[in-house]
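The next block is upload-v2.csv, given as CSV, C-alpha atoms.
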```
chain,number,residue,atom,x,y,z
A,144,MET,CA,-12.4,12.3,-24.1
A,145,ILE,CA,-9.6,11.5,-21.6
A,146,ASN,CA,-9.2,15.2,-20.9
A,147,ILE,CA,-12.8,15.7,-20.1
A,148,LEU,CA,-12.8,12.6,-17.9
A,149,SER,CA,-9.7,13.8,-16.0
A,150,ILE,CA,-11.2,17.3,-15.5
A,151,VAL,CA,-14.5,15.9,-14.2
A,152,ILE,CA,-12.5,13.6,-11.8
A,153,SER,CA,-10.3,16.4,-10.5
A,154,VAL,CA,-13.3,18.7,-9.9
A,155,LEU,CA,-15.2,16.0,-8.1
A,156,LEU,CA,-12.0,15.2,-6.0
A,157,VAL,CA,-11.9,18.8,-4.8
A,158,ILE,CA,-15.6,18.8,-4.0
A,159,LEU,CA,-15.4,15.5,-2.1
A,160,ALA,CA,-12.4,16.7,-0.2
A,161,PHE,CA,-14.3,19.9,0.8
A,162,LEU,CA,-17.3,17.8,1.9
A,163,ALA,CA,-15.1,15.4,3.9
A,164,VAL,CA,-13.6,18.3,5.8
A,165,SER,CA,-16.8,20.3,6.3
A,166,SER,CA,-19.4,17.7,7.0
A,167,LYS,CA,-21.1,17.8,10.4
A,168,THR,CA,-21.0,14.2,11.5
A,169,LEU,CA,-17.9,11.9,11.5
A,170,SER,CA,-19.5,9.0,9.8
A,171,LYS,CA,-20.5,11.1,6.8
A,172,SER,CA,-16.9,12.4,6.7
A,173,ILE,CA,-15.5,8.9,6.6
A,174,VAL,CA,-17.9,8.0,3.7
A,175,TYR,CA,-16.8,11.1,1.7
A,176,LEU,CA,-13.1,10.2,2.4
A,177,SER,CA,-13.7,6.7,1.1
A,178,ALA,CA,-15.4,8.1,-2.0
A,179,LEU,CA,-12.5,10.4,-2.6
A,180,SER,CA,-10.1,7.5,-2.5
A,181,MET,CA,-12.2,5.5,-4.9
A,182,LEU,CA,-12.4,8.4,-7.3
A,183,SER,CA,-8.6,8.9,-7.1
A,184,VAL,CA,-8.2,5.2,-8.0
A,185,LEU,CA,-10.1,6.1,-11.2
A,186,GLY,CA,-7.7,9.1,-11.7
A,187,PHE,CA,-4.7,6.9,-11.3
A,188,VAL,CA,-6.1,4.4,-13.9
A,189,VAL,CA,-6.7,7.2,-16.3
A,190,MET,CA,-3.1,8.4,-15.8
A,191,LYS,CA,-1.9,4.8,-16.5
A,192,ALA,CA,-0.5,3.9,-13.1
A,193,PRO,CA,-2.2,0.6,-12.2
A,194,ASP,CA,0.3,-0.2,-9.4
A,195,VAL,CA,-0.6,3.0,-7.6
A,196,ALA,CA,-4.3,2.4,-8.3
A,197,VAL,CA,-4.2,-1.1,-6.7
A,198,THR,CA,-2.4,0.2,-3.6
A,199,GLU,CA,-4.7,3.2,-3.3
A,200,ALA,CA,-7.8,1.0,-3.7
A,201,VAL,CA,-6.7,-1.4,-1.0
A,202,ILE,CA,-5.2,1.0,1.5
A,203,GLY,CA,-7.2,4.3,0.9
A,204,SER,CA,-10.7,3.0,0.4
A,205,GLY,CA,-10.4,-0.4,2.1
A,206,LEU,CA,-8.3,-0.6,5.1
A,207,VAL,CA,-8.3,3.1,6.2
A,208,THR,CA,-12.1,3.3,5.9
A,209,ALA,CA,-12.5,0.1,7.9
A,210,LEU,CA,-10.1,1.3,10.6
A,211,PHE,CA,-11.9,4.7,10.8
A,212,VAL,CA,-15.4,3.0,11.0
A,213,PHE,CA,-14.0,0.6,13.6
A,214,THR,CA,-12.5,3.3,15.7
A,215,LEU,CA,-15.8,5.3,15.5
A,216,LEU,CA,-17.7,2.2,16.6
A,217,SER,CA,-15.6,1.6,19.6
A,218,SER,CA,-15.3,5.2,20.7
A,219,ARG,CA,-17.8,6.4,23.3
A,220,LYS,CA,-19.6,9.7,23.4
A,221,VAL,CA,-18.6,12.0,26.2
A,222,VAL,CA,-21.6,13.8,27.7
A,223,LYS,CA,-20.8,17.1,29.3
B,207,MET,CA,-11.1,37.7,8.9
B,208,LYS,CA,-9.1,34.6,9.9
B,209,LYS,CA,-10.8,32.6,7.2
B,210,VAL,CA,-10.2,35.2,4.5
B,211,LEU,CA,-6.5,35.3,5.5
B,212,SER,CA,-6.1,31.6,5.4
B,213,LEU,CA,-7.8,31.5,2.0
B,214,LEU,CA,-5.4,34.1,0.7
B,215,VAL,CA,-2.4,32.1,2.1
B,216,VAL,CA,-3.7,28.9,0.5
B,217,LEU,CA,-4.3,30.6,-2.9
B,218,ALA,CA,-0.8,32.2,-2.8
B,219,LEU,CA,0.8,28.8,-2.0
B,220,GLY,CA,-1.2,27.1,-4.7
B,221,PHE,CA,-0.3,29.7,-7.2
B,222,GLY,CA,3.4,29.4,-6.2
B,223,ILE,CA,3.5,25.7,-6.6
B,224,ILE,CA,1.7,25.6,-9.9
B,225,ASN,CA,3.8,28.5,-11.3
B,226,SER,CA,7.1,26.9,-10.2
B,227,LEU,CA,6.0,23.6,-11.8
B,228,ASN,CA,4.9,25.2,-15.0
B,229,GLN,CA,8.1,27.2,-15.4
B,230,ASN,CA,10.4,24.3,-14.5
B,231,SER,CA,12.1,22.6,-17.4
B,232,SER,CA,12.5,19.3,-15.5
B,233,PHE,CA,8.7,18.9,-15.4
B,234,PRO,CA,7.6,18.4,-19.0
B,235,LYS,CA,3.9,18.2,-19.9
B,236,PHE,CA,1.9,15.1,-19.1
B,237,GLY,CA,2.7,12.3,-21.7
B,238,GLU,CA,5.4,14.4,-23.4
B,239,ALA,CA,8.4,13.3,-21.3
B,240,ASP,CA,11.2,11.9,-23.4
B,241,VAL,CA,12.4,8.7,-21.6
B,242,SER,CA,15.3,8.1,-23.8
B,243,ASP,CA,17.5,10.6,-22.0
B,244,ARG,CA,16.5,9.4,-18.5
B,245,VAL,CA,17.4,6.5,-16.4
B,246,SER,CA,13.9,5.0,-16.7
B,247,ASP,CA,14.8,3.9,-20.3
B,248,ARG,CA,17.2,1.4,-18.8
B,249,TYR,CA,14.6,0.0,-16.6
B,250,ILE,CA,12.2,-0.4,-19.5
B,251,ASN,CA,14.9,-2.1,-21.5
B,252,LYS,CA,15.6,-4.5,-18.6
B,253,ASN,CA,19.3,-3.7,-18.9
B,254,VAL,CA,21.5,-1.1,-17.4
B,255,THR,CA,23.9,-1.0,-20.3
B,256,GLU,CA,23.7,1.7,-23.0
B,257,GLU,CA,22.3,-0.6,-25.7
B,258,ASN,CA,18.7,-0.1,-26.6
B,259,GLU,CA,16.9,-3.3,-27.5
B,260,GLU,CA,13.3,-4.4,-27.7
B,261,VAL,CA,12.0,-6.6,-24.9
B,262,ILE,CA,10.1,-9.6,-26.2
B,263,PHE,CA,7.5,-11.3,-24.0
B,264,GLY,CA,8.4,-15.0,-23.5
B,265,GLU,CA,12.1,-14.8,-24.0
B,266,ASP,CA,14.9,-15.2,-21.5
B,267,GLY,CA,18.3,-13.7,-20.9
B,268,TYR,CA,17.3,-10.3,-19.6
B,269,GLU,CA,18.9,-8.7,-16.6
B,270,THR,CA,15.7,-8.7,-14.6
B,271,GLY,CA,13.0,-11.2,-15.8
B,272,SER,CA,10.1,-9.3,-14.3
B,273,SER,CA,7.5,-8.3,-16.9
B,274,ASN,CA,6.1,-5.5,-14.6
B,275,PHE,CA,8.9,-3.0,-14.6
B,276,VAL,CA,7.6,-1.1,-11.6
B,277,THR,CA,8.2,-4.3,-9.6
B,278,SER,CA,11.7,-4.7,-11.1
B,279,ILE,CA,12.5,-1.2,-9.8
B,280,VAL,CA,10.9,-1.7,-6.4
B,281,ALA,CA,12.2,-5.2,-5.6
B,282,ASN,CA,15.4,-5.4,-7.7
B,283,TYR,CA,17.1,-2.2,-8.7
B,284,ARG,CA,15.9,-0.2,-5.6
B,285,SER,CA,15.5,-3.1,-3.2
B,286,PHE,CA,17.5,-1.3,-0.5
B,287,ASP,CA,15.0,1.5,-0.5
B,288,THR,CA,12.2,-1.1,-0.1
B,289,LEU,CA,14.1,-2.5,2.9
B,290,GLY,CA,14.1,1.0,4.4
B,291,GLU,CA,10.3,1.3,3.6
B,292,VAL,CA,9.6,-1.9,5.3
B,293,THR,CA,11.6,-0.8,8.3
B,294,VAL,CA,9.6,2.5,8.5
B,295,LEU,CA,6.4,0.4,8.5
B,296,PHE,CA,7.9,-1.8,11.3
B,297,ILE,CA,8.8,1.2,13.4
B,298,SER,CA,5.3,2.6,13.0
B,299,ALA,CA,3.7,-0.7,14.1
B,300,PHE,CA,6.2,-0.8,17.0
B,301,GLY,CA,5.1,2.8,18.0
B,302,VAL,CA,1.4,1.8,17.9
B,303,ALA,CA,2.1,-1.3,20.0
B,304,LEU,CA,4.1,0.8,22.5
B,305,LEU,CA,1.4,3.5,22.7
B,306,PHE,CA,-1.5,1.1,23.1
B,307,SER,CA,-0.1,-1.7,25.2
B,308,LYS,CA,0.7,0.5,28.2
B,309,ASP,CA,-1.7,-0.1,31.0
B,310,SER,CA,-4.3,-1.5,28.7
B,311,LYS,CA,-6.4,-4.6,28.6
B,312,ARG,CA,-8.2,-6.5,25.8
B,313,VAL,CA,-11.8,-5.2,25.6
B,314,SER,CA,-14.8,-6.8,23.9
B,315,LEU,CA,-16.4,-5.0,21.0
B,316,ASN,CA,-19.1,-2.4,21.8
B,317,PHE,CA,-21.5,-4.1,19.4
B,318,LYS,CA,-22.7,-7.6,18.9
B,319,PRO,CA,-21.9,-9.0,15.4
B,320,ASN,CA,-25.2,-9.9,13.9
B,321,PHE,CA,-26.1,-12.7,11.5
B,322,MET,CA,-25.3,-10.8,8.3
B,323,LEU,CA,-21.8,-9.7,9.5
B,324,ARG,CA,-20.9,-13.2,10.8
B,325,VAL,CA,-22.0,-15.1,7.6
B,326,GLY,CA,-20.8,-12.4,5.2
B,327,SER,CA,-17.4,-12.1,6.7
B,328,ARG,CA,-16.9,-15.9,6.7
B,329,ALA,CA,-17.9,-16.0,3.0
B,330,LEU,CA,-15.7,-13.0,2.1
B,331,PHE,CA,-12.7,-13.9,4.1
B,332,GLY,CA,-11.5,-16.7,1.8
B,333,LEU,CA,-12.0,-14.6,-1.3
B,334,ILE,CA,-10.1,-11.6,0.1
B,335,ILE,CA,-7.2,-13.6,1.5
B,336,MET,CA,-6.9,-15.5,-1.8
B,337,THR,CA,-6.8,-12.3,-3.8
B,338,GLY,CA,-4.2,-10.9,-1.4
B,339,ILE,CA,-2.0,-14.0,-1.8
B,340,TYR,CA,-2.5,-13.9,-5.6
B,341,ILE,CA,-1.4,-10.3,-5.8
B,342,SER,CA,1.6,-10.9,-3.6
B,343,VAL,CA,2.8,-13.9,-5.6
B,344,HIS,CA,2.1,-12.4,-9.0
B,345,GLY,CA,3.8,-9.1,-8.1
B,346,HIS,CA,6.4,-9.5,-10.9
B,347,LEU,CA,3.8,-10.2,-13.6
B,348,THR,CA,0.8,-8.0,-12.8
B,349,PRO,CA,0.2,-4.6,-11.1
B,350,GLY,CA,0.3,-4.8,-7.4
B,351,GLY,CA,2.8,-6.7,-5.3
B,352,GLY,CA,3.7,-7.2,-1.7
B,353,PHE,CA,2.4,-4.0,-0.2
B,354,PRO,CA,-1.2,-4.1,-1.5
B,355,GLY,CA,-1.3,-7.9,-1.2
B,356,GLY,CA,-0.2,-7.8,2.4
B,357,THR,CA,-2.7,-5.1,3.1
B,358,MET,CA,-5.5,-7.3,1.5
B,359,ILE,CA,-4.4,-10.2,3.8
B,360,ALA,CA,-4.6,-7.8,6.8
B,361,SER,CA,-8.1,-6.7,5.6
B,362,SER,CA,-9.3,-10.3,5.7
B,363,ILE,CA,-7.9,-10.7,9.2
B,364,LEU,CA,-9.8,-7.5,10.1
B,365,LEU,CA,-13.0,-9.2,8.9
B,366,LEU,CA,-12.3,-12.1,11.2
B,367,TYR,CA,-11.7,-9.8,14.1
B,368,LEU,CA,-15.0,-8.0,13.4
B,369,SER,CA,-17.1,-11.1,13.1
B,370,ASN,CA,-15.7,-13.2,15.9
B,371,ASP,CA,-14.7,-11.6,19.2
B,372,SER,CA,-12.9,-14.6,20.6
B,373,PHE,CA,-10.7,-14.9,17.5
B,374,ARG,CA,-8.3,-12.2,18.8
B,375,THR,CA,-7.3,-14.2,21.9
B,376,LYS,CA,-6.4,-17.3,19.8
B,377,ILE,CA,-3.9,-15.7,17.4
B,378,LYS,CA,-0.6,-14.7,18.8
B,379,GLY,CA,1.9,-15.4,16.0
B,380,PHE,CA,1.8,-12.2,14.1
B,381,LYS,CA,4.7,-10.6,15.9
B,382,LEU,CA,6.8,-13.7,15.4
B,383,LEU,CA,5.9,-14.0,11.7
B,384,GLU,CA,6.8,-10.3,11.2
B,385,GLY,CA,10.2,-10.5,12.8
B,386,PHE,CA,11.0,-13.8,11.0
B,387,MET,CA,10.1,-12.3,7.6
B,388,GLY,CA,12.1,-9.1,8.2
B,389,SER,CA,15.2,-11.2,9.1
B,390,LEU,CA,14.6,-13.4,6.0
B,391,TYR,CA,14.7,-10.3,3.8
B,392,VAL,CA,18.0,-9.2,5.3
B,393,LEU,CA,19.3,-12.7,5.0
B,394,ILE,CA,18.5,-12.7,1.3
B,395,GLY,CA,20.5,-9.5,1.0
B,396,VAL,CA,23.4,-11.0,2.8
B,397,ALA,CA,23.2,-14.1,0.5
B,398,GLY,CA,23.5,-11.6,-2.4
B,399,ILE,CA,26.8,-10.3,-0.8
B,400,TYR,CA,28.2,-13.9,-0.7
B,401,VAL,CA,27.2,-14.9,-4.2
B,402,THR,CA,27.7,-11.7,-6.3
B,403,GLY,CA,29.4,-9.3,-4.0
B,404,TYR,CA,26.5,-6.7,-3.6
B,405,PHE,CA,23.8,-6.4,-1.0
B,406,LEU,CA,20.4,-7.6,-2.3
B,407,GLU,CA,21.7,-8.4,-5.8
B,408,ASN,CA,19.6,-10.8,-7.8
B,409,PHE,CA,21.7,-14.0,-7.6
B,410,LEU,CA,19.1,-16.5,-9.1
B,411,ASP,CA,18.3,-17.2,-12.7
B,412,THR,CA,16.1,-14.6,-14.2
B,413,GLY,CA,14.2,-17.0,-16.4
B,414,VAL,CA,11.6,-16.4,-19.1
B,415,VAL,CA,9.8,-13.0,-19.0
B,416,GLY,CA,6.1,-13.7,-18.1
B,417,ASP,CA,6.6,-17.0,-16.3
B,418,LEU,CA,5.5,-17.4,-12.7
B,419,PHE,CA,8.8,-18.8,-11.7
B,420,SER,CA,11.0,-16.1,-13.2
B,421,ALA,CA,12.8,-12.9,-12.2
B,422,GLY,CA,15.1,-14.5,-9.6
B,423,ILE,CA,14.6,-13.2,-6.1
B,424,ILE,CA,11.8,-10.8,-7.0
B,425,PRO,CA,8.9,-13.1,-6.2
B,426,ILE,CA,10.6,-14.4,-3.1
B,427,VAL,CA,11.2,-10.9,-1.8
B,428,TYR,CA,7.6,-9.8,-2.7
B,429,VAL,CA,6.1,-12.8,-0.9
B,430,ILE,CA,8.2,-12.0,2.1
B,431,ILE,CA,7.1,-8.3,2.0
B,432,GLY,CA,3.5,-9.4,1.6
B,433,LEU,CA,3.6,-11.6,4.7
B,434,LYS,CA,5.5,-9.0,6.7
B,435,VAL,CA,3.1,-6.1,5.8
B,436,GLY,CA,0.1,-8.3,6.4
B,437,SER,CA,1.2,-9.5,9.8
B,438,GLU,CA,2.3,-5.9,10.7
B,439,ILE,CA,-1.0,-4.3,9.8
B,440,ALA,CA,-2.9,-7.2,11.4
B,441,SER,CA,-1.0,-6.5,14.7
B,442,ILE,CA,-1.8,-2.8,14.3
B,443,ILE,CA,-5.5,-3.6,14.0
B,444,ASP,CA,-5.1,-5.9,17.0
B,445,ASN,CA,-3.6,-3.0,19.0
B,446,PHE,CA,-6.5,-0.8,17.9
B,447,LEU,CA,-8.9,-3.2,19.6
B,448,THR,CA,-7.3,-2.8,23.0
B,449,GLU,CA,-8.4,0.0,25.1
B,450,GLU,CA,-6.6,2.2,27.6
B,451,VAL,CA,-7.7,1.8,31.2
B,452,SER,CA,-8.1,5.3,32.6
```
What does the file become when written as structure tokens?
Amino acid sequence: MINILSIVISVLLVILAFLAVSSKTLSKSIVYLSALSMLSVLGFVVMKAPDVAVTEAVIGSGLVTALFVFTLLSSRKVVK
Amino acid sequence: MKKVLSLLVVLALGFGIINSLNQNSSFPKFGEADVSDRVSDRYINKNVTEENEEVIFGEDGYETGSSNFVTSIVANYRSFDTLGEVTVLFISAFGVALLFSKDSKRVSLNFKPNFMLRVGSRALFGLIIMTGIYISVHGHLTPGGGFPGGTMIASSILLLYLSNDSFRTKIKGFKLLEGFMGSLYVLIGVAGIYVTGYFLENFLDTGVVGDLFSAGIIPIVYVIIGLKVGSEIASIIDNFLTEEVS
């Protein structure tokens, strides 16, 4: 049961990482990165590391996503 | 051609890493590590002596009274490493401040916060900051501690920054709080030298395992780390809001 869950999580992690790198728009990339952090939280909980899971949930999918969205909002488009 | 070459390099590196980890005797299979011949056994026993005894929840007299033994490593046995970690965070905040404050001015946000954002952030601010303080204070009992708790406090400050544009100009004390908390951490370490003879040694009573007021200096150190990390990240966010004048 746990084995199947961890295999599913790791395959989804690789897929999400690929999507985050290769997506066309930056906002989609940020959302994929946030989803990747949230899924890795699940992975840490499965591996019985709740301390790391709490830290990853707060920093990875909370603060970093907020900072990225915020920087994207305040950056301007350069028209050539 | 370039992509095929990079794929080959990545595959070779991945094969090398996985192969070296599989062949290595110091990396046992997941869940099959024998902790009795490692130093982590001492941390679980809450005692650095050789004797192997069972730790009972709700009893006193252990070397570190923290029921979360990750915290007892981070803030007690390896507290000097944590001081270095906090210093690294301080230097990164300092670098961001140096990079952004040169020839820059405070700018207003590019978007107007609408009704939903204003009301929602006011409602969520209290909940998030209370969760952050709870996690910082209960770092020796539950998973978490100063670093995630401080980051949660900084996230609630970020919500305030987002919803109210004039809030940034009112708050100036983050740098002061950060420096004060950093010096307090070092002062606790120096107090350890005076009382026990070692830097950052636990010199208070460890108390009963599982109580809020237990584990000596661990909750004090973790509250200090939480406030320091929170003010540091809040000042980094504040620096992100300033814009360079080109």
Atomic distance CA of Ile158 (chain A) - CA of Leu216 (chain A), expressed in Å with one decimal: 26.5 Å
Residues of chain A that approach chain B to 8 Å or less, counting all atoms listed in the file: could you list each one with the shortest pair of atoms and its distance in Å to one decimal, rows by chain and increasing residue number, as CSV?
```
residue,atom,partner,partner_atom,distance
A:Pro193,CA,B:Pro349,CA,5.8
A:Asp194,CA,B:Pro349,CA,4.7
A:Val195,CA,B:Gly350,CA,7.9
A:Val197,CA,B:Gly350,CA,5.9
A:Thr198,CA,B:Pro354,CA,4.9
A:Val201,CA,B:Pro354,CA,6.1
A:Ile202,CA,B:Thr357,CA,6.8
A:Gly205,CA,B:Ser361,CA,7.6
A:Leu206,CA,B:Ser361,CA,6.1
A:Leu210,CA,B:Ile443,CA,7.5
A:Thr214,CA,B:Phe446,CA,7.6
A:Leu216,CA,B:Asn316,CA,7.1
A:Ser217,CA,B:Asn316,CA,5.8
```
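Picture a line from CA of Ser153 (chain A) to CA of Gly186 (chain A); it runs 7.8 Å.
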Å distance separating CA of Gly416 (chain B) from CA of His344 (chain B), one decimal place: 10.0 Å
So that all listed atoms of region 167-176 of chain A fit with 6 Å spare on each side, what axis-aligned box centre and edge lengths in Å, to one decimal, would you give as JSON?
```
{"center_x": -17.1, "center_y": 12.9, "center_z": 6.6, "size_x": 20.0, "size_y": 21.8, "size_z": 21.8}
```
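Comparing A:Gly203, A:Met190, A:Ser218, A:Leu156 by their smallest distance to Ile173 (chain A), the closest is A:Gly203 (using all atoms listed in the file).
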Radius query 10 Å about (19.0, -6.5, -20.7), atoms used: only C-alpha atoms, as a ChimeraX atom specification: /B:248-261,266-271
For Gly264 (chain B): contacts at 12 Å, all atoms listed in the file, fewer than 5 positions along chain excluded, given as a ChimeraX atom specification: /B:271-273,347,413-418,420
Top pick for closest residue to Leu148 (chain A), considering A:Val188, A:Leu179, A:Ala160, A:Val207 and counting all atoms listed in the file: A:Val188
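If you measure from each of B:Leu304, B:Leu289, B:Leu323, B:Ile297 to Leu393 (chain B) using all atoms listed in the file, the closest one turns out to be B:Leu289.
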If we count all atoms listed in the file, what is near Ser437 (chain B) at a cut-off of 10 Å, once residues fewer than 4 positions away on the same chain are taken out, given as a PDB file with C-alpha atoms, in the coordinates of the input?
```pdb
ATOM      1  CA  GLY B 356      -0.200  -7.800   2.400  1.00  0.00           C
ATOM      2  CA  THR B 357      -2.700  -5.100   3.100  1.00  0.00           C
ATOM      3  CA  ILE B 359      -4.400 -10.200   3.800  1.00  0.00           C
ATOM      4  CA  ALA B 360      -4.600  -7.800   6.800  1.00  0.00           C
ATOM      5  CA  ILE B 363      -7.900 -10.700   9.200  1.00  0.00           C
ATOM      6  CA  GLY B 379       1.900 -15.400  16.000  1.00  0.00           C
ATOM      7  CA  PHE B 380       1.800 -12.200  14.100  1.00  0.00           C
ATOM      8  CA  LYS B 381       4.700 -10.600  15.900  1.00  0.00           C
ATOM      9  CA  LEU B 382       6.800 -13.700  15.400  1.00  0.00           C
ATOM     10  CA  LEU B 383       5.900 -14.000  11.700  1.00  0.00           C
ATOM     11  CA  GLU B 384       6.800 -10.300  11.200  1.00  0.00           C
ATOM     12  CA  GLY B 385      10.200 -10.500  12.800  1.00  0.00           C
ATOM     13  CA  MET B 387      10.100 -12.300   7.600  1.00  0.00           C
ATOM     14  CA  ILE B 431       7.100  -8.300   2.000  1.00  0.00           C
ATOM     15  CA  GLY B 432       3.500  -9.400   1.600  1.00  0.00           C
ATOM     16  CA  LEU B 433       3.600 -11.600   4.700  1.00  0.00           C
ATOM     17  CA  SER B 441      -1.000  -6.500  14.700  1.00  0.00           C
ATOM     18  CA  ILE B 442      -1.800  -2.800  14.300  1.00  0.00           C
ATOM     19  CA  ILE B 443      -5.500  -3.600  14.000  1.00  0.00           C
TER      20      ILE B 443
END
```
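Proximity ranking of A:Leu159, A:Ala192, A:Leu215, A:Val164 relative to Ala178 (chain A) places A:Leu159 first, based on only C-alpha atoms.
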